[in-house]
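**Student:** Just so it is clear, I am handing over upload.tsv, which has TSV, C-alpha atoms.
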```
chain	number	residue	atom	x	y	z
B	1	MET	CA	306.23	93.77	128.42
B	2	ASN	CA	306.13	94.38	124.66
B	3	LEU	CA	307.44	91.56	122.48
B	4	SER	CA	309.33	92.30	119.30
B	5	GLU	CA	307.83	91.36	115.94
B	6	ASP	CA	310.49	88.66	115.49
B	7	VAL	CA	309.56	87.03	118.80
B	8	ILE	CA	305.85	87.15	117.97
B	9	PHE	CA	306.63	85.62	114.57
B	10	GLU	CA	308.57	82.75	116.19
B	11	ILE	CA	305.90	82.03	118.81
B	12	LEU	CA	303.02	82.03	116.34
B	13	THR	CA	304.77	79.66	113.92
B	14	ARG	CA	304.68	76.98	116.61
B	15	LEU	CA	300.93	77.12	117.22
B	16	PRO	CA	298.25	74.85	115.70
B	17	VAL	CA	296.22	76.07	112.74
B	18	THR	CA	292.95	76.34	114.69
B	19	SER	CA	294.57	78.82	117.09
B	20	LEU	CA	296.09	80.88	114.28
B	21	ILE	CA	292.75	81.18	112.50
B	22	ARG	CA	291.27	82.67	115.68
B	23	PHE	CA	294.28	84.96	116.17
B	24	LYS	CA	293.73	86.55	112.75
B	25	CYS	CA	291.00	88.58	114.45
B	26	VAL	CA	293.33	90.04	117.12
B	27	CYS	CA	294.67	92.90	115.02
B	28	LYS	CA	295.60	93.85	111.45
B	29	PHE	CA	299.28	93.10	112.06
B	30	TRP	CA	298.58	89.53	113.15
B	31	TYR	CA	296.17	89.02	110.26
B	32	SER	CA	298.78	90.20	107.78
B	33	LEU	CA	301.51	88.17	109.46
B	34	ILE	CA	299.59	84.86	109.48
B	35	ASN	CA	298.74	85.31	105.78
B	36	ASN	CA	302.35	86.09	104.85
B	37	PRO	CA	303.95	83.40	102.61
B	38	ASN	CA	307.17	83.42	104.69
B	39	PHE	CA	305.15	82.81	107.84
B	40	ILE	CA	303.17	79.99	106.20
B	41	SER	CA	306.39	78.35	105.01
B	42	LYS	CA	308.03	78.61	108.44
B	43	HIS	CA	304.89	77.25	110.13
B	44	LEU	CA	304.79	74.33	107.67
B	45	ASN	CA	308.44	73.45	108.33
B	46	ASN	CA	307.85	73.49	112.09
B	47	LEU	CA	304.87	71.14	111.75
B	48	ASN	CA	306.69	68.78	109.38
B	49	ASN	CA	309.42	68.28	111.97
B	50	LYS	CA	306.92	67.06	114.58
B	51	GLN	CA	304.67	64.03	114.96
B	52	ASN	CA	301.95	65.99	116.72
B	53	HIS	CA	299.16	67.97	115.07
B	54	LEU	CA	298.09	64.77	113.30
B	55	HIS	CA	294.46	64.17	112.44
B	56	LEU	CA	292.41	61.40	110.87
B	57	LEU	CA	290.37	62.24	107.79
B	58	ILE	CA	287.66	59.65	107.14
B	59	SER	CA	285.54	59.09	104.04
B	60	ARG	CA	282.59	56.72	104.19
B	61	ARG	CA	279.18	55.99	102.67
B	62	GLY	CA	276.16	55.84	104.95
B	63	ASN	CA	274.30	52.53	104.99
B	64	ILE	CA	270.89	54.17	104.80
B	65	THR	CA	271.41	57.33	102.74
B	66	ASN	CA	274.35	56.01	100.64
B	67	LYS	CA	275.72	59.57	100.81
B	68	ARG	CA	279.45	60.23	101.01
B	69	ILE	CA	280.43	61.71	104.38
B	70	LEU	CA	283.84	63.17	105.23
B	71	SER	CA	284.86	63.64	108.87
B	72	LEU	CA	288.02	65.12	110.41
B	73	SER	CA	289.31	64.39	113.92
B	74	GLN	CA	290.03	67.46	116.02
B	75	ASN	CA	292.91	65.82	117.93
B	76	ASP	CA	295.09	62.73	117.90
B	77	THR	CA	293.04	60.91	120.56
B	78	PHE	CA	289.95	60.66	118.31
B	79	ASP	CA	287.66	62.17	120.97
B	80	VAL	CA	285.96	64.62	118.60
B	81	PHE	CA	285.22	64.34	114.88
B	82	ILE	CA	283.57	67.04	112.80
B	83	ASN	CA	281.73	66.33	109.55
B	84	GLN	CA	282.98	68.52	106.74
B	85	ASP	CA	280.60	70.80	104.86
B	86	PHE	CA	280.96	70.93	101.09
B	87	PRO	CA	279.61	73.19	98.36
B	88	GLU	CA	276.77	71.92	96.20
B	89	TYR	CA	279.36	71.18	93.48
B	90	PHE	CA	280.45	68.05	95.34
B	91	LYS	CA	276.91	66.73	95.67
B	92	ASP	CA	276.18	67.26	91.98
B	93	LYS	CA	279.44	65.99	90.48
B	94	PHE	CA	280.92	63.46	92.88
B	95	GLY	CA	279.21	60.09	93.09
B	96	HIS	CA	282.34	58.54	94.59
B	97	ILE	CA	285.13	60.51	96.23
B	98	ARG	CA	288.68	59.24	96.47
B	99	LEU	CA	291.06	60.81	98.97
B	100	ILE	CA	294.53	61.41	97.49
B	101	GLY	CA	297.30	62.78	99.69
B	102	PRO	CA	297.89	64.63	101.85
B	103	CYS	CA	300.68	66.90	100.65
B	104	ASN	CA	301.57	69.85	102.91
B	105	GLY	CA	298.02	69.85	104.27
B	106	ILE	CA	296.39	69.63	100.83
B	107	VAL	CA	294.14	66.72	99.91
B	108	CYS	CA	293.02	65.91	96.38
B	109	LEU	CA	289.36	64.86	96.09
B	110	CYS	CA	288.82	62.90	92.89
B	111	GLY	CA	285.65	61.90	91.11
B	112	TYR	CA	285.27	60.43	87.65
B	113	PRO	CA	285.40	61.74	84.97
B	114	ASP	CA	287.66	64.79	85.23
B	115	ASN	CA	286.14	66.02	88.49
B	116	ILE	CA	289.04	67.01	90.75
B	117	VAL	CA	289.23	69.38	93.70
B	118	LEU	CA	292.21	70.50	95.79
B	119	TRP	CA	291.20	71.01	99.40
B	120	ASN	CA	292.83	72.09	102.66
B	121	PRO	CA	290.34	71.01	105.35
B	122	SER	CA	292.20	72.71	108.20
B	123	ILE	CA	291.54	76.18	106.72
B	124	ARG	CA	288.42	75.15	104.74
B	125	ASP	CA	289.99	76.22	101.47
B	126	TYR	CA	289.23	74.47	98.18
B	127	LYS	CA	289.77	74.89	94.46
B	128	ILE	CA	287.83	73.19	91.66
B	129	LEU	CA	290.34	72.28	88.96
B	130	PRO	CA	289.52	73.14	85.35
B	131	GLN	CA	288.71	70.14	83.20
B	132	SER	CA	291.53	69.02	80.96
B	133	GLN	CA	291.14	70.15	77.36
B	134	ILE	CA	293.84	67.77	76.09
B	135	GLN	CA	292.66	65.62	73.22
B	136	ARG	CA	292.21	62.00	74.23
B	137	LEU	CA	293.54	59.14	72.11
B	138	VAL	CA	291.65	59.11	68.82
B	139	GLY	CA	289.06	56.35	68.65
B	140	SER	CA	289.65	55.26	72.24
B	141	THR	CA	287.28	55.04	75.18
B	142	VAL	CA	288.29	56.15	78.68
B	143	ARG	CA	287.48	53.19	80.94
B	144	GLY	CA	288.98	54.42	84.20
B	145	SER	CA	291.53	56.68	85.81
B	146	ASP	CA	293.89	57.11	88.73
B	147	PHE	CA	295.42	60.17	90.33
B	148	GLY	CA	298.49	61.47	92.10
B	149	LEU	CA	299.36	64.61	94.07
B	150	GLY	CA	302.66	66.21	95.01
B	151	PHE	CA	304.86	69.27	95.42
B	152	ASP	CA	307.45	70.46	92.91
B	153	SER	CA	310.11	72.07	95.12
B	154	LYS	CA	312.06	73.44	92.14
B	155	LYS	CA	309.14	75.52	90.90
B	156	ASN	CA	307.31	75.91	94.22
B	157	ASP	CA	304.27	74.33	92.56
B	158	TYR	CA	301.63	71.77	93.47
B	159	LYS	CA	300.79	69.23	90.78
B	160	VAL	CA	298.05	66.69	90.14
B	161	ILE	CA	298.61	63.63	87.95
B	162	GLN	CA	295.65	62.15	86.08
B	163	ILE	CA	296.28	58.75	84.50
B	164	LEU	CA	293.55	57.76	82.05
B	165	PHE	CA	293.03	54.11	81.12
B	166	CYS	CA	292.06	54.26	77.45
B	167	LEU	CA	290.74	51.28	75.49
B	168	SER	CA	291.94	51.65	71.90
B	169	ILE	CA	290.21	50.55	68.70
B	170	ASP	CA	292.44	47.45	68.79
B	171	ARG	CA	291.03	46.60	72.26
B	172	VAL	CA	294.35	47.37	73.94
B	173	PHE	CA	294.61	49.43	77.13
B	174	VAL	CA	296.87	52.47	76.82
B	175	TYR	CA	297.73	55.03	79.50
B	176	GLN	CA	297.35	58.74	78.81
B	177	VAL	CA	298.97	60.84	81.55
B	178	GLU	CA	298.05	64.47	82.14
B	179	ILE	CA	299.72	66.86	84.60
B	180	TYR	CA	298.00	69.81	86.26
B	181	SER	CA	300.03	72.77	87.59
B	182	LEU	CA	298.55	74.97	90.31
B	183	ASN	CA	300.93	77.80	89.31
B	184	THR	CA	299.55	77.97	85.76
B	185	ASN	CA	296.10	76.53	86.55
B	186	SER	CA	296.37	74.38	83.42
B	187	TRP	CA	296.93	70.83	82.18
B	188	LYS	CA	299.62	69.43	79.89
B	189	LYS	CA	300.17	66.02	78.35
B	190	TYR	CA	302.97	63.82	79.69
B	191	LYS	CA	305.09	62.52	76.82
B	192	GLY	CA	307.22	59.98	78.69
B	193	ILE	CA	306.74	56.27	79.36
B	194	VAL	CA	304.83	54.70	82.24
B	195	PRO	CA	306.94	51.58	83.03
B	196	SER	CA	304.28	49.66	85.00
B	197	LYS	CA	300.58	49.01	85.23
B	198	ILE	CA	298.80	50.30	88.33
B	199	LYS	CA	297.31	47.54	90.47
B	200	TYR	CA	293.87	48.12	91.88
B	201	GLY	CA	292.52	46.50	95.00
B	202	ASN	CA	289.78	46.91	97.55
B	203	THR	CA	292.11	48.91	99.76
B	204	SER	CA	294.98	51.44	99.64
B	205	TRP	CA	297.24	51.24	96.59
B	206	SER	CA	298.77	54.72	96.45
B	207	MET	CA	300.37	57.36	98.67
B	208	VAL	CA	302.46	60.56	98.78
B	209	TYR	CA	306.11	60.13	99.78
B	210	LYS	CA	308.00	63.12	101.23
B	211	ASN	CA	305.53	65.44	99.46
B	212	GLU	CA	307.48	65.34	96.16
B	213	ILE	CA	306.98	61.73	95.04
B	214	PHE	CA	303.74	59.87	94.44
B	215	CYS	CA	303.63	56.08	94.68
B	216	TRP	CA	301.33	53.35	93.37
B	217	LEU	CA	301.40	49.59	93.69
B	218	GLY	CA	302.17	48.34	90.20
B	219	GLN	CA	303.12	45.45	87.98
B	220	ASP	CA	306.01	45.72	85.53
B	221	VAL	CA	306.31	44.25	82.02
B	222	ASP	CA	307.62	40.97	83.49
B	223	ASN	CA	304.55	40.74	85.78
B	224	HIS	CA	306.61	41.46	88.89
B	225	GLU	CA	304.97	43.50	91.64
B	226	VAL	CA	306.70	46.86	92.05
B	227	ILE	CA	306.13	50.32	93.43
B	228	LEU	CA	305.65	52.83	90.63
B	229	LEU	CA	306.98	56.30	91.54
B	230	PHE	CA	306.43	59.68	89.93
B	231	ASN	CA	308.80	62.53	90.84
B	232	MET	CA	306.92	65.86	90.68
B	233	SER	CA	310.05	67.99	90.15
B	234	GLU	CA	311.67	65.78	87.50
B	235	GLU	CA	308.34	64.66	86.00
B	236	ILE	CA	309.53	61.11	85.47
B	237	PHE	CA	308.28	57.63	86.42
B	238	HIS	CA	310.41	54.76	87.71
B	239	ASN	CA	310.00	51.43	89.51
B	240	ILE	CA	311.19	50.03	92.83
B	241	LYS	CA	311.20	46.29	93.42
B	242	LEU	CA	309.35	44.74	96.33
B	243	PRO	CA	311.12	42.32	98.72
B	244	SER	CA	311.46	38.87	97.16
B	245	ASN	CA	310.03	37.11	100.23
B	246	ILE	CA	307.20	39.54	100.86
B	247	GLY	CA	304.40	36.99	100.33
B	248	ILE	CA	305.85	34.24	102.51
B	249	PHE	CA	304.16	33.44	105.82
B	250	GLY	CA	306.12	30.90	107.83
B	251	GLU	CA	307.35	28.12	105.55
B	252	GLN	CA	304.62	28.42	102.94
B	253	GLU	CA	303.98	31.01	100.34
B	254	ILE	CA	300.42	32.28	100.51
B	255	MET	CA	299.05	32.61	97.01
B	256	ARG	CA	296.34	35.07	98.04
B	257	SER	CA	298.41	37.59	99.94
B	258	VAL	CA	297.51	41.27	99.61
B	259	TRP	CA	299.85	44.28	99.63
B	260	VAL	CA	298.76	47.64	100.98
B	261	ILE	CA	300.97	50.72	100.58
B	262	VAL	CA	300.69	53.37	103.30
B	263	PRO	CA	302.87	56.15	104.75
B	264	PHE	CA	304.47	55.60	108.17
B	265	LYS	CA	306.84	58.08	109.84
B	266	GLU	CA	307.85	59.72	106.56
B	267	SER	CA	308.62	56.35	104.94
B	268	ILE	CA	306.94	54.07	102.42
B	269	SER	CA	305.54	51.04	104.20
B	270	LEU	CA	303.75	47.90	103.08
B	271	ILE	CA	301.15	45.93	105.01
B	272	VAL	CA	300.99	42.33	103.80
B	273	TYR	CA	298.26	39.92	104.85
B	274	CYS	CA	296.22	36.92	103.70
B	275	LEU	CA	292.85	38.02	102.41
B	276	LYS	CA	290.70	35.00	103.28
B	277	GLU	CA	292.07	34.10	106.70
B	278	VAL	CA	289.57	34.46	109.57
B	279	GLU	CA	292.34	35.37	112.02
B	280	LYS	CA	294.71	37.65	110.18
B	281	TYR	CA	298.41	38.36	110.59
B	282	TYR	CA	299.84	41.60	109.22
B	283	ASP	CA	303.49	41.89	108.17
B	284	ILE	CA	304.81	45.47	108.22
B	285	TRP	CA	307.63	46.27	105.79
B	286	VAL	CA	309.36	49.67	105.73
B	287	MET	CA	311.55	51.07	102.99
B	288	ASN	CA	314.85	52.81	103.62
B	289	ASN	CA	314.46	56.52	102.91
B	290	GLU	CA	317.33	56.49	100.43
B	291	LEU	CA	315.71	55.31	97.21
B	292	GLY	CA	319.02	54.45	95.54
B	293	VAL	CA	320.23	52.15	98.33
B	294	GLU	CA	320.16	48.41	97.71
B	295	ASN	CA	318.34	46.11	100.15
B	296	TYR	CA	316.17	49.02	101.13
B	297	TRP	CA	313.31	46.95	102.58
B	298	THR	CA	313.17	45.92	106.25
B	299	LYS	CA	310.50	43.73	107.78
B	300	LEU	CA	309.55	45.75	110.85
B	301	GLN	CA	307.20	43.36	112.62
B	302	ARG	CA	304.35	40.86	112.38
B	303	ILE	CA	301.10	41.83	114.06
B	304	GLY	CA	298.41	39.31	115.00
B	305	PRO	CA	296.48	37.17	115.03
B	306	ILE	CA	293.54	39.58	114.97
B	307	SER	CA	289.98	38.30	114.68
B	308	ARG	CA	286.95	39.82	112.94
B	309	VAL	CA	288.88	42.30	110.80
B	310	GLU	CA	288.72	42.71	107.04
B	311	ARG	CA	291.38	45.07	105.74
B	312	PRO	CA	294.03	47.58	106.87
B	313	LEU	CA	293.57	51.22	105.95
B	314	GLY	CA	296.64	52.86	107.48
B	315	ILE	CA	299.16	53.11	110.29
B	316	TRP	CA	298.88	55.67	113.10
B	317	LYS	CA	301.86	57.57	114.51
B	318	ASN	CA	303.03	54.97	117.08
B	319	GLY	CA	302.50	51.93	114.88
B	320	GLU	CA	298.82	51.32	115.65
B	321	LEU	CA	296.91	49.68	112.80
B	322	ILE	CA	293.82	51.43	111.45
B	323	LEU	CA	291.44	48.74	110.18
B	324	GLU	CA	287.97	48.05	108.89
B	325	ASN	CA	286.40	45.22	110.87
B	326	SER	CA	283.97	42.54	109.68
B	327	PHE	CA	280.98	44.79	110.46
B	328	GLY	CA	282.22	47.72	108.36
B	329	GLN	CA	283.35	49.66	111.44
B	330	LEU	CA	286.53	51.71	111.69
B	331	VAL	CA	288.81	50.42	114.46
B	332	ILE	CA	292.35	51.05	115.67
B	333	TYR	CA	294.52	48.23	117.04
B	334	ASP	CA	297.39	48.77	119.49
B	335	PRO	CA	299.89	45.89	118.96
B	336	PRO	CA	301.89	46.14	122.24
B	337	ASN	CA	298.73	46.07	124.37
B	338	GLN	CA	296.73	43.93	121.92
B	339	GLU	CA	293.80	46.30	122.39
B	340	MET	CA	291.14	47.17	119.82
B	341	LYS	CA	289.27	50.50	119.96
B	342	THR	CA	286.17	51.25	117.89
B	343	LEU	CA	286.17	54.81	116.55
B	344	GLY	CA	282.39	55.01	116.08
B	345	PHE	CA	282.33	55.14	112.28
B	346	TYR	CA	280.78	52.59	109.99
B	347	GLY	CA	279.30	52.49	106.52
B	348	LYS	CA	279.04	50.26	103.50
B	349	ARG	CA	281.64	47.50	103.70
B	350	GLY	CA	284.70	48.17	101.59
B	351	ARG	CA	283.88	51.87	101.25
B	352	LEU	CA	285.85	53.26	104.17
B	353	GLU	CA	288.86	55.41	103.28
B	354	ILE	CA	291.21	57.25	105.63
B	355	VAL	CA	294.05	59.74	105.38
B	356	VAL	CA	296.52	60.41	108.19
B	357	TYR	CA	296.39	64.16	107.92
B	358	LYS	CA	298.80	66.89	109.06
B	359	GLU	CA	297.33	70.40	109.11
B	360	SER	CA	298.79	73.46	107.41
B	361	LEU	CA	298.04	77.05	106.41
B	362	VAL	CA	298.84	76.42	102.73
B	363	SER	CA	296.13	77.81	100.48
B	364	VAL	CA	295.18	76.29	97.12
B	365	ASN	CA	294.02	79.71	95.92
```
Could I get this file's structure written as structure tokens?
**Tutor:**
Amino acid sequence: MNLSEDVIFEILTRLPVTSLIRFKCVCKFWYSLINNPNFISKHLNNLNNKQNHLHLLISRRGNITNKRILSLSQNDTFDVFINQDFPEYFKDKFGHIRLIGPCNGIVCLCGYPDNIVLWNPSIRDYKILPQSQIQRLVGSTVRGSDFGLGFDSKKNDYKVIQILFCLSIDRVFVYQVEIYSLNTNSWKKYKGIVPSKIKYGNTSWSMVYKNEIFCWLGQDVDNHEVILLFNMSEEIFHNIKLPSNIGIFGEQEIMRSVWVIVPFKESISLIVYCLKEVEKYYDIWVMNNELGVENYWTKLQRIGPISRVERPLGIWKNGELILENSFGQLVIYDPPNQEMKTLGFYGKRGRLEIVVYKESLVSVN
């Protein structure tokens, strides 16, 4: 029985990326079809409507070699991980790699200064971004930077945000924001206002929301903790307040509570915990998907107590916590069954990073 081209198109758009890469070799028609932008878009929409085809991308530093190693799970049961091969460029330029994203299967690998790569690990496609030629603030020194990644649906464009922390002659920190466009392969200077300072921590402080908005944990001019958002299509920053009772455990307010921002089921979520407690409790807060709605935060659950864990790194698809334990190992904790599983990865303490990754055929070239 011969299938029509429309039926073949529909069947193939529902298959995982690894299968489609193999099927490119079947015939010229299939090769052309799988590389077609309409097919890639349809395949992406099908994947975005499902919770399967999720992977775990792990970045760590080896205890002995101190080298940065990136590994990608081949399924959602964590049975097989494959270390990712990189060009020599990464070894020469990237002392430390931050994982930003993902956005439609694209991850941004960031090193300092001005070393940025867009990468789709599922199709082994990468692009080294040109260094920004924008003049930095006169007389200032760049002391640090942060990054964002997202999709501009109005222009069908992927963008990277580079926020430079510049120390002026007057010893005042000033942000300089630069925006990269994949469509034009160039940088431009952002001329608007950044309403909050980005808060650093020893864990996750940024994430992509619905592909088009990038989020950081921040602090506004009144020293209130907020989420700082950047809309890729509108190219504008704005703040969202955190819940007023977010740092309260029981009847007492814990002065040393820590906020971690992570994606969970297409929503912005916060993991709140006490840093110095031996047995830790984790409060999970989830934001309503309508950003303009008041009272948009809901406390989903409290998980714990959990012993011998240091910090949360993310949330898996059914609410499992991905954590770094006291020995620098990557573990996953299942709250309903109160079971801890070691994933077999460890490195220098505080250097583990993870991304809950959804594959795609989207090319950065």
**Student:** Closest to Gly62 of chain B among B:Lys155, B:Arg143, B:Lys358, B:Arg349, using all atoms listed in the file?
**Tutor:**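 Of B:Lys155, B:Arg143, B:Lys358, B:Arg349, the one nearest Gly62 of chain B is B:Arg349, counting all atoms listed in the file.
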**Student:** Please provide as a list in words all residues within 7 Å of segment 204-212 of chain B, with the sequence filter that same-chain residues fewer than 6 positions apart are discarded (counting all atoms listed in the file).
**Tutor:**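 In the requested form, the answer reads Gly101, Pro102, Cys103, Asn104, Leu149, Gly150, Phe151, Asp152, Asn231, Met232, Val260, Ile261, Val262, Pro263, Glu266, Ser267, Ile268 and Leu313 of chain B.
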**Student:** Using only C-alpha atoms, which protein or nucleic acid residues come within 10 Å of Gln162 of chain B? Drop anything in the same chain fewer than 3 positions from it, and give the result as a ChimeraX atom specification.
**Tutor:** /B:110,114,116,132,145-149,159,165,175-180,187,189-190
**Student:** Taking all atoms listed in the file into account, name the residue in B:His43, B:Lys127, B:Arg60, B:His55 that is nearest to Ser363 of chain B.
**Tutor:**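 For Ser363 of chain B, the nearest of the candidates is B:Lys127.
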**Student:** Between atom CA of Arg136 of chain B and atom CA of Tyr112 of chain B, measure the distance and give it in Å to one decimal.
**Tutor:**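 Answer for the atom CA of Arg136 of chain B to atom CA of Tyr112 of chain B separation: 15.2 Å.
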**Student:** Mind pulling up the distance from atom CA of Lys191 of chain B to atom CA of Leu137 of chain B?
**Tutor:**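 Distance between the two atoms: 12.9 Å.
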**Student:** Near Glu277 of chain B, counting only C-alpha atoms, which residues have an atom at most 12 Å away, once you skip same-chain residues fewer than 2 positions from it, shown as JSON, numbers by chain?
**Tutor:** {"B": [254, 256, 257, 258, 273, 274, 275, 279, 280, 281, 282, 304, 305, 306, 307, 308, 309, 310, 311]}
**Student:** Within 12 Å of Lys317 of chain B, counting only C-alpha atoms, which residues qualify if same-chain residues fewer than 5 places away don't, as a list in words?
**Tutor:**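 My list of contacting residues is Lys50, Gln51, Asn52, His53, Leu54, His55, Leu56, Asp76, Thr77, Pro263, Phe264, Lys265, Glu266, Ser267, Ile322, Ile332, Asp334, Val356, Tyr357 and Lys358 of chain B.
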**Student:** I'd like the interatomic distance between atom CA of Phe327 of chain B and atom CA of Lys348 of chain B, to a tenth of an Å.
**Tutor:** 9.1 Å
**Student:** From the options B:Gln301, B:Thr184, B:Ser233, B:Asn223, which residue's atoms come nearest to Lys199 of chain B, counting only C-alpha atoms?
**Tutor:**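 Of B:Gln301, B:Thr184, B:Ser233, B:Asn223, the one nearest Lys199 of chain B, counting only C-alpha atoms, is B:Asn223.
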**Student:** Smallest atom-to-atom distance to Asn337 of chain B: which of B:Gly319, B:Pro121, B:Pro130, B:Gly192, using only C-alpha atoms?
**Tutor:** B:Gly319
**Student:** Would you pick out the contacts of segment 23-36 of chain B at 9 Å or less, using all atoms listed in the file, so that residues sharing its chain but fewer than 2 positions from it are not included, and give the list as a ChimeraX atom specification?
**Tutor:** /B:9,12-13,18-21,38-41,361
**Student:** Which is closest to Ile123 of chain B among B:Gly350, B:Asn49, B:Gly105, B:Cys166, if we use only C-alpha atoms?
**Tutor:**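 That would be B:Gly105, the residue with the smallest distance to Ile123 of chain B.
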**Student:** Which one is closest to Asp79 of chain B: B:Leu228, B:Leu3, B:Leu343, B:Ile315? Count all atoms listed in the file.
**Tutor:**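 Smallest distance to Asp79 of chain B is found for B:Leu343.
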